[in-house]
Each structure stands twice: as C-alpha cells, then as structure tokens.
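This is entry_23.txt (compact mmCIF, C-alpha atoms).
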```
# COMPACT_ATOMS: atom_id res chain seq x y z
CA MET A 630 -11.24 4.86 -13.03
CA ASN A 631 -8.86 3.52 -10.39
CA GLN A 632 -6.01 5.84 -9.48
CA PRO A 633 -2.49 4.38 -9.08
CA PRO A 634 -1.43 3.79 -5.47
CA PRO A 635 0.37 6.76 -3.90
CA ARG A 636 4.14 6.65 -3.74
CA ALA A 637 6.41 7.56 -0.88
CA THR A 638 10.10 8.24 -0.92
CA ALA A 639 12.66 6.64 1.38
CA ALA A 640 14.69 9.84 1.63
CA PRO A 641 15.73 10.74 5.19
CA SER A 642 13.22 12.81 7.15
CA PRO A 643 14.32 15.94 8.99
CA ALA A 644 12.45 14.71 12.06
CA ASP A 645 14.06 12.73 14.87
CA ASP A 646 14.73 9.00 14.85
CA HIS A 647 11.26 8.25 16.19
CA ASP A 648 9.57 9.87 13.23
CA ALA A 649 6.97 7.55 11.70
CA VAL A 650 8.13 8.27 8.15
CA ARG A 651 11.71 7.24 8.89
CA ILE A 652 10.66 4.16 10.83
CA LEU A 653 8.28 2.93 8.13
CA ASP A 654 10.92 3.45 5.44
CA HIS A 655 13.46 1.59 7.57
CA LEU A 656 11.10 -1.34 8.13
CA VAL A 657 10.36 -1.67 4.43
CA ARG A 658 14.03 -1.41 3.50
CA ARG A 659 14.95 -4.01 6.13
CA ALA A 660 12.19 -6.33 4.94
CA VAL A 661 13.46 -6.17 1.37
CA GLU A 662 17.05 -6.83 2.51
CA THR A 663 16.03 -9.93 4.47
CA GLY A 664 13.66 -11.22 1.79
CA ALA A 665 10.61 -10.92 4.06
CA SER A 666 7.17 -11.34 2.52
CA ASP A 667 5.26 -9.62 5.34
CA ILE A 668 5.90 -6.97 7.99
CA HIS A 669 3.96 -7.27 11.27
CA VAL A 670 3.80 -4.37 13.75
CA GLU A 671 1.92 -5.65 16.80
CA PRO A 672 0.99 -3.49 19.80
CA ARG A 673 1.76 -5.27 23.08
CA LYS A 674 1.59 -4.09 26.66
CA ALA A 675 5.36 -3.62 26.78
CA GLY A 676 5.73 -1.99 23.34
CA LEU A 677 5.40 -2.52 19.60
CA SER A 678 6.59 -5.96 18.56
CA VAL A 679 8.07 -6.04 15.05
CA ARG A 680 8.18 -9.36 13.24
CA PHE A 681 8.93 -10.35 9.65
CA ARG A 682 7.71 -13.43 7.83
CA ILE A 683 10.84 -14.82 6.19
CA ASP A 684 10.59 -17.97 4.08
CA GLY A 685 7.11 -18.52 5.46
CA VAL A 686 8.07 -18.37 9.16
CA MET A 687 7.69 -15.47 11.62
CA THR A 688 10.99 -14.06 12.91
CA ASP A 689 11.41 -11.47 15.68
CA GLN A 690 12.94 -8.14 14.64
CA GLY A 691 12.90 -6.29 17.96
CA ALA A 692 10.54 -3.75 19.52
CA LEU A 693 9.56 -0.09 19.29
CA PRO A 694 8.01 2.25 21.88
CA LEU A 695 4.24 1.71 22.15
CA GLU A 696 3.51 5.41 21.65
CA LEU A 697 4.78 5.11 18.07
CA GLY A 698 1.87 2.81 17.20
CA PRO A 699 -0.70 5.53 16.41
CA LEU A 700 1.88 7.49 14.38
CA LEU A 701 2.80 4.48 12.26
CA ALA A 702 -0.86 3.56 11.81
CA THR A 703 -1.64 7.09 10.64
CA ARG A 704 1.29 7.05 8.21
CA VAL A 705 0.15 3.75 6.71
CA LYS A 706 -3.45 4.96 6.47
CA VAL A 707 -2.44 8.15 4.69
CA LEU A 708 -0.38 6.26 2.12
CA GLY A 709 -3.00 3.52 1.71
CA ARG A 710 -5.93 5.97 1.34
CA MET A 711 -7.64 4.69 4.47
CA ASP A 712 -9.74 6.73 6.90
CA MET A 713 -7.38 8.17 9.53
CA THR A 714 -10.27 8.91 11.89
CA VAL A 715 -11.37 5.27 12.10
CA ARG A 716 -9.45 3.27 14.69
CA MET A 717 -11.99 0.68 15.86
CA LEU A 718 -12.60 -1.00 12.49
CA PRO A 719 -10.24 -3.01 10.23
CA GLN A 720 -9.08 -1.24 7.07
CA ASP A 721 -6.90 -2.09 4.09
CA GLY A 722 -5.16 -0.31 1.23
CA GLN A 723 -2.13 -0.27 -1.07
CA PHE A 724 0.80 2.07 -1.61
CA THR A 725 4.31 2.22 -3.04
CA ILE A 726 7.61 3.25 -1.44
CA ASP A 727 10.64 4.12 -3.56
CA LEU A 728 13.82 2.80 -1.95
CA PRO A 729 17.24 4.36 -2.57
CA GLY A 730 18.32 3.59 -6.11
CA GLY A 731 14.78 4.04 -7.44
CA ARG A 732 13.58 0.54 -6.65
CA PRO A 733 9.79 0.64 -6.09
CA VAL A 734 8.27 -1.57 -3.40
CA ASN A 735 4.53 -2.12 -3.55
CA LEU A 736 2.84 -2.84 -0.23
CA ARG A 737 -0.62 -4.15 0.57
CA ALA A 738 -1.43 -2.95 4.10
CA SER A 739 -4.16 -3.77 6.58
CA THR A 740 -4.94 -2.54 10.09
CA PHE A 741 -6.72 -4.46 12.84
CA PRO A 742 -7.98 -2.99 16.14
CA ALA A 743 -6.44 -4.84 19.11
CA ILE A 744 -6.45 -4.37 22.89
CA HIS A 745 -3.32 -2.16 22.96
CA GLY A 746 -3.81 -0.38 19.64
CA GLU A 747 -3.98 -1.13 15.93
CA LYS A 748 -1.97 -3.99 14.50
CA ILE A 749 -0.43 -3.29 11.09
CA VAL A 750 0.44 -5.98 8.55
CA MET A 751 2.09 -5.10 5.25
CA ARG A 752 2.55 -7.60 2.42
CA VAL A 753 5.68 -6.81 0.42
CA LEU A 754 5.05 -7.02 -3.35
CA LEU A 755 8.32 -6.51 -5.17
CA GLY A 756 7.08 -7.12 -8.70
CA HIS A 757 9.23 -10.22 -9.20
CA GLN A 758 9.82 -11.76 -12.59
CA ILE A 759 8.02 -14.95 -13.56
CA ILE A 760 9.81 -18.06 -12.36
CA ALA A 761 10.27 -20.62 -15.14
CA LEU A 762 8.09 -23.69 -14.64
CA ASP A 763 11.13 -25.97 -14.54
CA LYS A 764 12.66 -23.87 -11.72
CA LEU A 765 9.78 -24.28 -9.25
CA GLY A 766 10.90 -27.64 -7.91
CA MET A 767 8.73 -30.04 -9.89
CA GLY A 768 10.03 -33.51 -10.63
CA ASP A 769 10.32 -34.66 -14.24
CA ALA A 770 6.96 -36.43 -14.19
CA GLU A 771 5.11 -33.46 -12.63
CA LEU A 772 6.76 -31.04 -15.07
CA TYR A 773 5.85 -33.16 -18.10
CA THR A 774 2.21 -33.52 -16.97
CA THR A 775 1.85 -29.83 -16.10
CA ARG A 776 3.23 -28.70 -19.45
CA ARG A 777 0.82 -31.02 -21.23
CA LEU A 778 -2.07 -29.64 -19.16
CA VAL A 779 -1.10 -26.06 -19.99
CA SER A 780 -1.23 -26.92 -23.70
CA LEU A 781 -4.89 -27.98 -23.50
CA THR A 782 -7.51 -25.84 -25.21
CA SER A 783 -10.23 -26.24 -22.57
CA GLY A 784 -10.87 -27.46 -19.04
CA LEU A 785 -10.32 -26.36 -15.45
CA ILE A 786 -6.96 -26.74 -13.67
CA VAL A 787 -7.00 -26.00 -9.95
CA LEU A 788 -4.00 -25.38 -7.70
CA CYS A 789 -4.48 -26.04 -4.00
CA GLY A 790 -2.52 -25.37 -0.84
CA PRO A 791 -2.60 -23.11 2.22
CA THR A 792 -1.98 -19.37 2.12
CA GLY A 793 1.64 -18.62 1.26
CA SER A 794 2.33 -21.95 -0.43
CA GLY A 795 3.29 -20.37 -3.76
CA LYS A 796 0.11 -21.00 -5.76
CA THR A 797 0.14 -17.58 -7.42
CA SER A 798 3.77 -17.98 -8.49
CA THR A 799 2.90 -21.31 -10.09
CA LEU A 800 -0.06 -19.74 -11.90
CA TYR A 801 2.25 -17.10 -13.35
CA SER A 802 4.74 -19.80 -14.37
CA MET A 803 1.97 -21.67 -16.18
CA VAL A 804 0.97 -18.49 -18.02
CA GLY A 805 4.63 -18.08 -18.91
CA GLU A 806 4.41 -21.37 -20.84
CA LEU A 807 1.68 -19.98 -23.12
CA ASP A 808 2.22 -18.44 -26.54
CA THR A 809 0.49 -15.18 -25.70
CA SER A 810 1.09 -13.84 -29.23
CA ARG A 811 -1.45 -16.39 -30.51
CA LEU A 812 -3.73 -16.60 -27.48
CA ASN A 813 -5.98 -14.09 -25.76
CA VAL A 814 -5.08 -14.50 -22.07
CA ILE A 815 -7.03 -12.60 -19.41
CA THR A 816 -6.43 -12.65 -15.65
CA LEU A 817 -8.50 -11.70 -12.62
CA GLU A 818 -6.28 -11.11 -9.59
CA ASP A 819 -6.35 -9.72 -6.06
CA PRO A 820 -3.93 -8.00 -6.28
CA ILE A 821 -1.86 -8.05 -9.48
CA GLU A 822 1.58 -9.13 -8.27
CA ILE A 823 3.50 -9.29 -11.56
CA GLU A 824 2.73 -7.14 -14.57
CA LEU A 825 2.67 -9.16 -17.79
CA SER A 826 3.20 -7.12 -20.95
CA THR A 827 1.34 -9.47 -23.33
CA VAL A 828 -1.56 -10.40 -21.05
CA THR A 829 -4.72 -8.48 -20.13
CA GLN A 830 -4.76 -8.28 -16.33
CA GLY A 831 -7.70 -7.22 -14.18
CA GLN A 832 -7.60 -6.47 -10.45
CA THR A 833 -10.77 -7.08 -8.47
CA ASN A 834 -12.35 -4.27 -6.48
CA PRO A 835 -15.14 -5.66 -4.26
CA ARG A 836 -16.03 -2.19 -2.96
CA ALA A 837 -16.93 -1.17 -6.52
CA GLY A 838 -18.69 -4.48 -7.22
CA PHE A 839 -15.83 -5.90 -9.32
CA THR A 840 -15.59 -9.36 -7.72
CA PHE A 841 -14.11 -12.57 -9.06
CA ALA A 842 -17.58 -13.72 -10.10
CA SER A 843 -18.61 -10.49 -11.86
CA GLY A 844 -15.18 -10.10 -13.41
CA LEU A 845 -15.19 -13.68 -14.70
CA ARG A 846 -18.61 -13.17 -16.24
CA ALA A 847 -17.34 -10.03 -18.00
CA THR A 848 -14.17 -11.83 -19.09
CA LEU A 849 -16.21 -14.32 -21.10
CA ARG A 850 -17.41 -11.45 -23.31
CA GLN A 851 -13.77 -10.60 -24.15
CA ASP A 852 -13.23 -13.61 -26.44
CA PRO A 853 -10.62 -15.28 -24.18
CA ASP A 854 -8.66 -18.44 -24.90
CA VAL A 855 -7.16 -18.75 -21.43
CA ILE A 856 -8.50 -17.29 -18.18
CA LEU A 857 -6.59 -17.05 -14.91
CA VAL A 858 -8.82 -16.58 -11.85
CA GLY A 859 -6.73 -15.76 -8.78
CA GLU A 860 -8.99 -17.62 -6.36
CA ILE A 861 -12.30 -19.46 -6.28
CA ARG A 862 -14.16 -18.08 -3.27
CA ASP A 863 -17.85 -18.77 -3.82
CA ALA A 864 -20.46 -20.84 -5.63
CA GLU A 865 -21.02 -18.27 -8.39
CA THR A 866 -17.32 -18.13 -9.30
CA ILE A 867 -16.92 -21.91 -9.53
CA GLU A 868 -20.14 -22.22 -11.55
CA ILE A 869 -18.97 -19.68 -14.14
CA ALA A 870 -15.44 -21.17 -14.22
CA LEU A 871 -16.82 -24.66 -14.87
CA GLN A 872 -19.16 -23.42 -17.60
CA ALA A 873 -16.30 -21.51 -19.22
CA SER A 874 -14.08 -24.59 -19.19
CA LEU A 875 -16.83 -26.62 -20.87
CA THR A 876 -17.32 -24.09 -23.65
CA GLY A 877 -13.83 -23.98 -25.11
CA HIS A 878 -11.79 -22.04 -22.55
CA LEU A 879 -8.80 -23.13 -20.49
CA VAL A 880 -9.22 -21.88 -16.92
CA PHE A 881 -6.53 -21.76 -14.20
CA SER A 882 -7.48 -21.03 -10.59
CA THR A 883 -6.71 -21.79 -6.93
CA LEU A 884 -8.48 -23.05 -3.83
CA HIS A 885 -7.37 -22.80 -0.20
CA THR A 886 -7.57 -26.54 0.39
CA SER A 887 -4.96 -28.89 1.82
CA HIS A 888 -4.82 -31.73 -0.71
CA VAL A 889 -6.22 -32.98 -4.00
CA VAL A 890 -9.10 -35.01 -2.55
CA GLU A 891 -10.28 -32.12 -0.38
CA THR A 892 -10.17 -29.86 -3.44
CA ILE A 893 -12.56 -32.04 -5.42
CA SER A 894 -14.91 -32.28 -2.44
CA ARG A 895 -14.78 -28.51 -1.85
CA ILE A 896 -15.74 -27.75 -5.46
CA ILE A 897 -18.81 -29.97 -5.12
CA ASP A 898 -19.59 -28.55 -1.66
CA LEU A 899 -19.70 -25.09 -3.24
CA GLY A 900 -22.76 -26.26 -5.15
CA ALA A 901 -21.29 -27.42 -8.44
CA GLU A 902 -23.04 -30.35 -10.12
CA PRO A 903 -20.82 -33.46 -9.86
CA TRP A 904 -21.34 -34.39 -13.52
CA ILE A 905 -20.18 -30.92 -14.60
CA VAL A 906 -17.13 -31.14 -12.31
CA GLY A 907 -16.34 -34.61 -13.65
CA ASN A 908 -16.41 -33.37 -17.23
CA ALA A 909 -14.71 -30.00 -16.75
CA LEU A 910 -11.97 -30.62 -14.16
CA GLN A 911 -8.75 -31.64 -15.87
CA ALA A 912 -6.34 -31.73 -12.95
CA VAL A 913 -5.62 -30.70 -9.38
CA ILE A 914 -2.11 -29.61 -8.41
CA ALA A 915 -1.30 -29.56 -4.69
CA GLN A 916 1.77 -27.69 -3.57
CA ARG A 917 3.79 -26.59 -0.56
CA LEU A 918 6.93 -24.53 -0.04
CA VAL A 919 9.73 -25.94 2.09
CA ARG A 920 12.66 -23.92 3.35
CA LYS A 921 16.09 -24.80 1.97
CA LEU A 922 18.86 -25.52 4.44
CA CYS A 923 21.54 -22.91 5.05
CA ASP A 924 25.19 -23.92 4.68
CA CYS A 925 25.40 -24.15 8.49
CA PHE A 926 23.53 -27.52 8.51
CA GLU A 927 24.57 -30.58 10.52
CA THR A 928 24.20 -34.24 9.56
CA TYR A 929 22.76 -37.28 11.34
CA ARG A 930 21.43 -40.77 10.46
CA LEU A 931 17.75 -41.65 10.33
CA PRO A 932 16.70 -43.94 13.20
CA HIS A 933 13.88 -45.62 11.20
CA ASP A 934 12.37 -46.02 7.72
CA LEU A 935 10.20 -43.24 6.25
CA THR A 936 7.27 -44.01 3.95
CA ALA A 937 5.81 -42.10 0.99
CA SER A 938 2.70 -40.93 2.88
CA PHE A 939 0.36 -41.88 5.67
CA GLU A 940 -1.77 -43.88 3.21
CA ASP A 941 1.13 -45.22 1.12
CA ASP A 942 3.59 -47.50 2.93
CA ARG A 943 6.28 -47.51 0.22
CA VAL A 944 9.65 -46.84 1.88
CA VAL A 945 11.34 -43.72 0.51
CA LEU A 946 14.19 -43.34 3.02
CA THR A 947 15.63 -46.30 4.92
CA ALA A 948 16.92 -46.32 8.46
CA GLY A 949 20.58 -45.30 8.65
CA THR A 950 20.43 -42.88 5.73
CA GLU A 951 22.56 -39.79 6.38
CA VAL A 952 20.47 -36.61 6.15
CA ARG A 953 20.82 -32.97 7.16
CA ARG A 954 19.07 -30.73 9.67
CA ALA A 955 19.10 -27.04 10.53
CA ARG A 956 21.54 -25.41 12.97
CA GLY A 957 21.39 -21.62 12.57
CA CYS A 958 23.92 -18.83 12.03
CA THR A 959 23.99 -15.07 11.55
CA THR A 960 23.66 -15.44 7.77
CA CYS A 961 20.29 -17.21 8.06
CA HIS A 962 19.08 -15.12 11.04
CA LYS A 963 19.54 -18.16 13.32
CA THR A 964 16.78 -20.09 11.49
CA GLY A 965 19.00 -22.64 9.75
CA TYR A 966 17.28 -22.00 6.41
CA ARG A 967 17.70 -19.69 3.41
CA GLY A 968 15.24 -19.59 0.52
CA ARG A 969 12.44 -21.98 -0.39
CA ILE A 970 11.57 -24.55 -3.03
CA GLY A 971 8.27 -26.13 -4.05
CA LEU A 972 6.84 -29.58 -3.47
CA PHE A 973 4.17 -30.69 -5.95
CA GLU A 974 1.58 -33.42 -6.34
CA VAL A 975 -0.12 -33.44 -9.76
CA LEU A 976 -3.34 -35.43 -10.11
CA GLU A 977 -4.72 -35.60 -13.65
CA LEU A 978 -8.26 -36.91 -13.81
CA ASP A 979 -8.84 -40.05 -15.88
CA ASP A 980 -12.06 -41.94 -16.63
CA GLU A 981 -12.07 -43.78 -13.29
CA LEU A 982 -11.61 -40.60 -11.27
CA ARG A 983 -14.24 -38.77 -13.33
CA ASP A 984 -16.71 -41.55 -12.58
CA LEU A 985 -15.92 -41.23 -8.87
CA VAL A 986 -16.57 -37.47 -9.06
CA LYS A 987 -19.86 -37.94 -10.88
CA GLY A 988 -20.91 -40.58 -8.34
CA ARG A 989 -20.12 -38.37 -5.32
CA ALA A 990 -17.56 -40.87 -4.06
CA ALA A 991 -16.33 -40.82 -0.47
CA ALA A 992 -12.83 -39.52 0.34
CA ARG A 993 -11.65 -43.07 1.03
CA GLU A 994 -12.52 -44.14 -2.52
CA TYR A 995 -10.54 -41.24 -3.99
CA LYS A 996 -7.52 -42.06 -1.83
CA GLU A 997 -7.62 -45.73 -2.83
CA ALA A 998 -7.82 -44.79 -6.50
CA ILE A 999 -4.96 -42.29 -6.20
CA ASN A 1000 -2.75 -44.80 -4.37
CA ARG A 1001 -3.11 -47.18 -7.33
CA ARG A 1002 -1.52 -44.55 -9.57
CA SER A 1003 2.19 -43.86 -9.83
CA ILE A 1004 1.98 -40.19 -8.89
CA ARG A 1005 4.41 -38.70 -6.42
CA ARG A 1006 2.72 -37.54 -3.24
CA LEU A 1007 3.66 -34.32 -1.43
CA ARG A 1008 5.39 -36.07 1.43
CA GLU A 1009 7.29 -38.31 -0.96
CA ALA A 1010 8.46 -35.26 -2.91
CA GLY A 1011 9.60 -33.73 0.37
CA LEU A 1012 11.48 -36.81 1.48
CA GLU A 1013 13.31 -36.87 -1.84
CA ARG A 1014 14.41 -33.30 -1.11
CA VAL A 1015 15.62 -34.49 2.29
CA ALA A 1016 17.60 -37.30 0.63
CA ALA A 1017 19.16 -34.74 -1.72
CA GLY A 1018 20.27 -32.63 1.27
CA GLU A 1019 18.19 -29.62 0.24
CA THR A 1020 15.88 -29.49 3.26
CA SER A 1021 15.29 -31.18 6.61
CA LEU A 1022 12.86 -33.87 7.71
CA GLU A 1023 11.43 -31.47 10.29
CA GLU A 1024 10.61 -28.96 7.53
CA VAL A 1025 8.89 -31.57 5.36
CA VAL A 1026 6.80 -32.78 8.30
CA ARG A 1027 5.88 -29.16 9.09
CA VAL A 1028 4.38 -28.44 5.69
CA THR A 1029 2.98 -31.84 4.71
```
Same coordinates, now as structure tokens:
Amino acid sequence: MNQPPPRATAAPSPADDHDAVRILDHLVRRAVETGASDIHVEPRKAGLSVRFRIDGVMTDQGALPLELGPLLATRVKVLGRMDMTVRMLPQDGQFTIDLPGGRPVNLRASTFPAIHGEKIVMRVLLGHQIIALDKLGMGDAELYTTRRLVSLTSGLIVLCGPTGSGKTSTLYSMVGELDTSRLNVITLEDPIEIELSTVTQGQTNPRAGFTFASGLRATLRQDPDVILVGEIRDAETIEIALQASLTGHLVFSTLHTSHVVETISRIIDLGAEPWIVGNALQAVIAQRLVRKLCDCFETYRLPHDLTASFEDDRVVLTAGTEVRRARGCTTCHKTGYRGRIGLFEVLELDDELRDLVKGRAAAREYKEAINRRSIRRLREAGLERVAAGETSLEEVVRVT
C-alpha cells in the first residue's frame, strides 16, 4: 500500500540563512506567490541559478552559492524518499510542504546529474479546483461541440498539445461536466493533481508495475462508464483504450502531439488498426495556452493582413487594426504578461474523415478535408484574442 508523501513545515529553522531547509521553504513560498508552476535550481560554474516557470516561460530569480547545491539536493531527496547516496543517476519523488497558514503545497521533484552538480526541478501542485469548461477560453462553437462530446456514451476523445499546454486541466473540466452520481468514472493519472470526491482516481506507479496499460486493463473490470487516461504513451495503452471505447465506454486521454492531423497519424503509428481508429475516435481537441497581457501594454497598428492559418488564407485581422503588445513592469516581473488563457481547435470526426482514417490517408488529404469545414483553427483563435486585446501577436505566434 502506497504511503502518503512526507510533509515538511515552513516554520523558520534555527540554522543560519544558508540552511537548506530555510532556502527550500523560501523557494516554494516564493513560487506560490508568483504563480510559478516549476522551480529550477541549476548548478553553474559561477553558482546555483534559480529560475521559475511563470505562465509557461522561464524567468530568472537570482543565484545562490554553489556549495548549497548538495545540501538542497539532500533535503529534496530526504523529503521525496530518494536515495541520498546516489548522485550520478537521475531520481524522482514527491513530497508536501505546509506553508504558513496551513496551506499544503504538493511538489513533484526530480534530480539530474550535471557537470557542476545535481540539477533540481520541482513541479508545484497546489491542488487547484476544477476550472469550469466555459472558463477555459473556448469559443461558443468549441464549447457546444465539446459539451456534446462529453455527453456521449462511448468513443475515444483525445486532447493534444505540447507539455504544459493545459491538457490535464481540460480533462478535469470535462469530467466536471459529468453527472458522477449516475456514472462510474475512473481515472488513471500521473500524478493525481486534483482530488475529486465523487470519482475513483488511480495514480500510476511504474516501479510497482502499475502502468497506464496495466491500470487501464484493470479499470475495465471495475464496470466503468467513463475512463480518464492521463496520457497515451505506448501501443498497449492505445489498443486497450480503443477497445474500451468500442465496447460501451467513453474514454478521455491525451497525446503529446502538436495538432489534430499529427494526433491521428500518431495513434496509427503506435500500431492501432486504422479501421478501429476510424470507428472509435470521436474527436481530437488541440490546445495551447497563451499569456494574457498585463495592464502595462502598449498599442500599435498592424502593418499587414493576418490569415487564419498557414493553410487557410482567410483574413482574420486586416492591416491597420490597432492591437496591443507587451511592455513589462514590476507587477508582471518585467514580462508584460499576467495569467494565461486557452486556445482550442475541436475536430469532430464525420464519415468523410473516418473514411480517410480507415484508408491511411496522407496528411495533405486530412488538411484539405479540415479546411473545407468551418472549424476555428488554433492560430485563428489566437488572432481573435489579439483583436480582443487579451494577448499579443508575438505570443500567438510563439505557441501556434
């Protein structure tokens, strides 16, 4: 039976200011205050570089003496139940720190041996509440389609996007649309980021043999109506997920792919039979997160027209349109941005697209078929956010 992660307290340490306990507590507290998702402590020749990932972008937080590296690494290893004697191999673990006021902060930590010492990365898991589906940033059409997809009784719905694009948050939002009092909902996650009181949640443990594939196989013996699989990583997982979706289960999952066409191709590349994919796959939802402009923005006029996408030449913003761009101030840590919002592209498979899947169509054929449909592409969604003054053109180009 898995033991709960150890907890640490953020109470002041009697040691001096260079004490590893005090420094780690300070870093975690500072990360929470700035809304950082990750803490990076990187050993360099001149010292320990500390950086936070805020709104998806790395920001410098200063430096610490290099000799503190081993002390911090040891502290993290103790809390994360890692082997303190191993310094030349990567390790990972989880622990919890209680901040002043009793607010628990869960951290997923990993160490990596580098030339000047061990690099430490800690993912901050604050146990956020589920974000309502209509608060994610979807347009009316995407929201309507997604809600209809969530109400299905069977099929596979896949979310795609790079790491950190908000896929897990969207999965939770989709589960939040379900009537869990009438449905048996089971999740397989790595790790569990939000505890859901009316849902059975499982956390994978590869070291013990509890993988996504083995967990999904066991889940099917639990009489589920809806299954959430945190990520499809291998051929066995996609095979079981497809079979489950064809036998009366609704399955949500994610793939680390860039766009909807690549997602379909990746599923088939994993070894799935195209005719099974064509019958089981209900939709692919691509998403990105763009940073929202801080109040310190400046305005300018576009020098030329901007189109919906590289393949779609429909003009979304015309030359001369007044838009905003980032400047930077102390409030936004000189980045020009505060907070993020989602961009979504929802592709629901119809008979034509299913036939293309079953016939192993080329990427060009998929793109031509998608362009004939009135779905909003990622870049178009981003440009509409630019027109609304919520984000900058540079930010949309960065993520799309």
Starting from the point (-11.9, -21.2, -16.9), work out which residues of protein, DNA or RNA have an atom no more than 9 Å away when counting all atoms listed in the file; state them as a list in words.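 These residues have at least one counted atom within 9 Å: Ser783, Gly784, Leu785, Ile786, Leu845, Val855, Ile856, Leu857, Val858, Ile867, Ile869, Ala870, Leu871, Gln872, Ala873, Ser874, Leu875, Gly877, His878, Leu879, Val880, Phe881 and Ser882 of chain A.
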List the neighbours of region 954-971 of chain A out to 7 Å using only C-alpha atoms; skip same-chain residues closer than 6 positions along the sequence, and give me the result as a count of residues only. 16
Let me make sure I understand: among A:Ala1010, A:Val1026, A:Ala948, A:Ile914, which one has the smallest atom-to-atom distance to Glu977 (chain A) if we use only C-alpha atoms?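 With only C-alpha atoms as the atom set, the closest residue is A:Ile914.
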Nearest residue to Leu1007 (chain A) out of A:Ala937, A:Cys789, A:Ala864, A:Leu899, using only C-alpha atoms?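 Nearest candidate to Leu1007 (chain A) out of A:Ala937, A:Cys789, A:Ala864, A:Leu899: A:Ala937.
From CA of His933 (chain A) back to CA of Ile1004 (chain A), the distance works out to 24.0 Å.
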Of the candidates A:Ile905, A:Thr936, A:Arg1014, A:Arg989, which one gets nearest to Arg953 (chain A) if we count all atoms listed in the file?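 Selected residue with least distance to Arg953 (chain A): A:Arg1014.
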